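*Asks:* Structure provided below as structure tokens; questions to follow.
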Amino acid sequence: MKYEILLFDIDNTILDFDKSEEQALRLAFRDMGWKFSQQILEIYRRNNIAQWQLFEQGKLTKPEVLTSRFEETFKEIGKDANAVPKIADLYEEYLKSGYFVVPHAKKVLKRLQKTHRLYVVSNGVVEIQNSRMKGSGMEKYFVARFVSEEVGYPKPQKQYFDYCFQHIENIDKSKTLIIGDSLTSDIQGGVNAEIDTCWFNPYRKPNNSLLTPTYEIDDLRQLLKIVY
């Protein structure tokens, strides 16, 4: 086999985070008695991505991200910043039930589990990721999960992957592949860790970065031709 150890991101790689995010935000706004719209969703997503990128760069802590994304959004939509803690709690609680699975993920992981060692590598919130993986039935395919909150470093930092590799038995980096949807987190992380990378890009977004993934796929089933 070309690869023996496969490192999978969770959000928008195994589980459909976009659907979970929209559902959680819509329900949180409902509980606050506020109107929700596609425009609000887009503003929140832009701020959310920006804050997580600062986290990846080590400029924000995870708790800061979880509030600053709402603080920035509220500035734009004219909501009282005092409501941030309440809506942040509601959002995270609803996000725990975001069990939407990416197309073909279950079929692909079920097959790969028989021949490869699969691990989760995630920057998400431990409690939320554990709930979503268990509720979706996807946790059974993985040997272990490495969540940055527990590791102490975020992807794409080399220290994050150093920790992962220290806890993966008999690892051979030349036979290890990371699969994820984020260029800045997963692909840059793979480069920093000196392992091959597979960019999962189902919407065929342009790559405007200086990064060149080892592979690019738009359907998880294409992964099967790569790893054997």
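Residue numbering restarts at 1 for every chain of the structure tokens, chains are lettered A, B, ... in their displayed order, and ligands are numbered from 1 as they appear.
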May I have the residues within 10 Å of range 30-38 of chain A as a list in words, using only C-alpha atoms and disregarding those fewer than 2 positions away in the same chain?
*Replies:*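 Skipping anything fewer than 2 positions along the chain leaves Glu22, Ala24, Leu25, Arg26, Leu27, Ala28, Ile40, Leu41, Glu42, Ile43, Tyr44, Lys79, Ala83, Lys86, Ile87, Leu90 and Tyr91 of chain A.
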*Asks:* Find the residues around range 117-123 of chain A up to 8 Å (only C-alpha atoms counted), leave out those fewer than 5 positions away in its own chain, and share them as a list of chain:residue names.
*Replies:*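 The residues satisfying every condition are A:Glu4, A:Ile5, A:Leu6, A:Leu7, A:Phe8, A:Asp9, A:Ile10, A:Asp11, A:Leu112, A:Tyr141, A:Phe142, A:Val143, A:Ala144, A:Arg145, A:Phe146, A:Val147, A:Ser148, A:Glu149, A:Pro154, A:Lys155.
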*Asks:* Restricting the output to C-alpha atoms, write the selected residues as a PDB file, in the first residue's frame.
*Replies:*
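Output file out-v4.pdb follows:
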ATOM      1  CA  GLU A   4      -0.861   3.010   5.881  1.00  0.00           C
ATOM      2  CA  ILE A   5      -1.880   5.836   8.224  1.00  0.00           C
ATOM      3  CA  LEU A   6      -4.595   8.310   7.254  1.00  0.00           C
ATOM      4  CA  LEU A   7      -5.228  11.511   9.200  1.00  0.00           C
ATOM      5  CA  PHE A   8      -8.700  12.941   8.639  1.00  0.00           C
ATOM      6  CA  ASP A   9     -10.013  16.378   9.456  1.00  0.00           C
ATOM      7  CA  ILE A  10     -13.619  16.341  10.716  1.00  0.00           C
ATOM      8  CA  ASP A  11     -15.397  19.500   9.596  1.00  0.00           C
ATOM      9  CA  LEU A 112     -10.460   2.004   4.634  1.00  0.00           C
ATOM     10  CA  TYR A 141     -13.931   3.998  12.222  1.00  0.00           C
ATOM     11  CA  PHE A 142     -11.028   5.718  13.993  1.00  0.00           C
ATOM     12  CA  VAL A 143      -8.237   4.469  16.222  1.00  0.00           C
ATOM     13  CA  ALA A 144      -8.032   7.800  18.064  1.00  0.00           C
ATOM     14  CA  ARG A 145      -8.852  11.493  17.849  1.00  0.00           C
ATOM     15  CA  PHE A 146      -6.358  14.322  18.229  1.00  0.00           C
ATOM     16  CA  VAL A 147      -8.181  17.568  19.009  1.00  0.00           C
ATOM     17  CA  SER A 148      -6.060  20.695  19.367  1.00  0.00           C
ATOM     18  CA  GLU A 149      -7.800  21.655  22.604  1.00  0.00           C
ATOM     19  CA  PRO A 154      -3.530  23.968  16.790  1.00  0.00           C
ATOM     20  CA  LYS A 155      -3.147  22.710  13.266  1.00  0.00           C
TER      21      LYS A 155
END
*Asks:* If we count only C-alpha atoms, what is near range 51-65 of chain A at a cut-off of 7 Å, once residues fewer than 3 positions away on the same chain are taken out, given as a compact mmCIF listing (two decimals) with C-alpha atoms, in the first residue's frame?
*Replies:*
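Once everything was written out, this is part_4.txt:
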# COMPACT_ATOMS: atom_id res chain seq x y z
CA ASN A 47 -16.03 36.36 10.73
CA ASN A 48 -15.84 32.78 11.96
CA SER A 68 -14.88 37.09 19.07
CA ARG A 69 -16.65 35.56 16.05
CA PRO A 154 -3.53 23.97 16.79
CA LYS A 155 -3.15 22.71 13.27
CA PRO A 156 -1.12 23.64 11.25
CA SER A 185 -4.95 24.18 8.45
*Asks:* Which residues come within 6 Å of range 199-201 of chain A, counting only C-alpha atoms, excluding same-chain residues fewer than 6 positions away, as a ChimeraX atom specification?
*Replies:* /A:180-181,216-218
*Asks:* Residues within 8 Å of Lys173 in chain A, please, as a list of chain:residue names. Count only C-alpha atoms; anything in the same chain fewer than 2 positions from it doesn't count.
*Replies:* A:Ile171, A:Lys175, A:Thr176, A:Glu194, A:Ile195
*Asks:* Which residue gives the smallest distance to Tyr3 in chain A among A:Val191, A:Ile179, A:Ile128, A:Leu211, with only C-alpha atoms counted?
*Replies:*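 Answer, going by the shortest atom-to-atom distance: A:Ile179.
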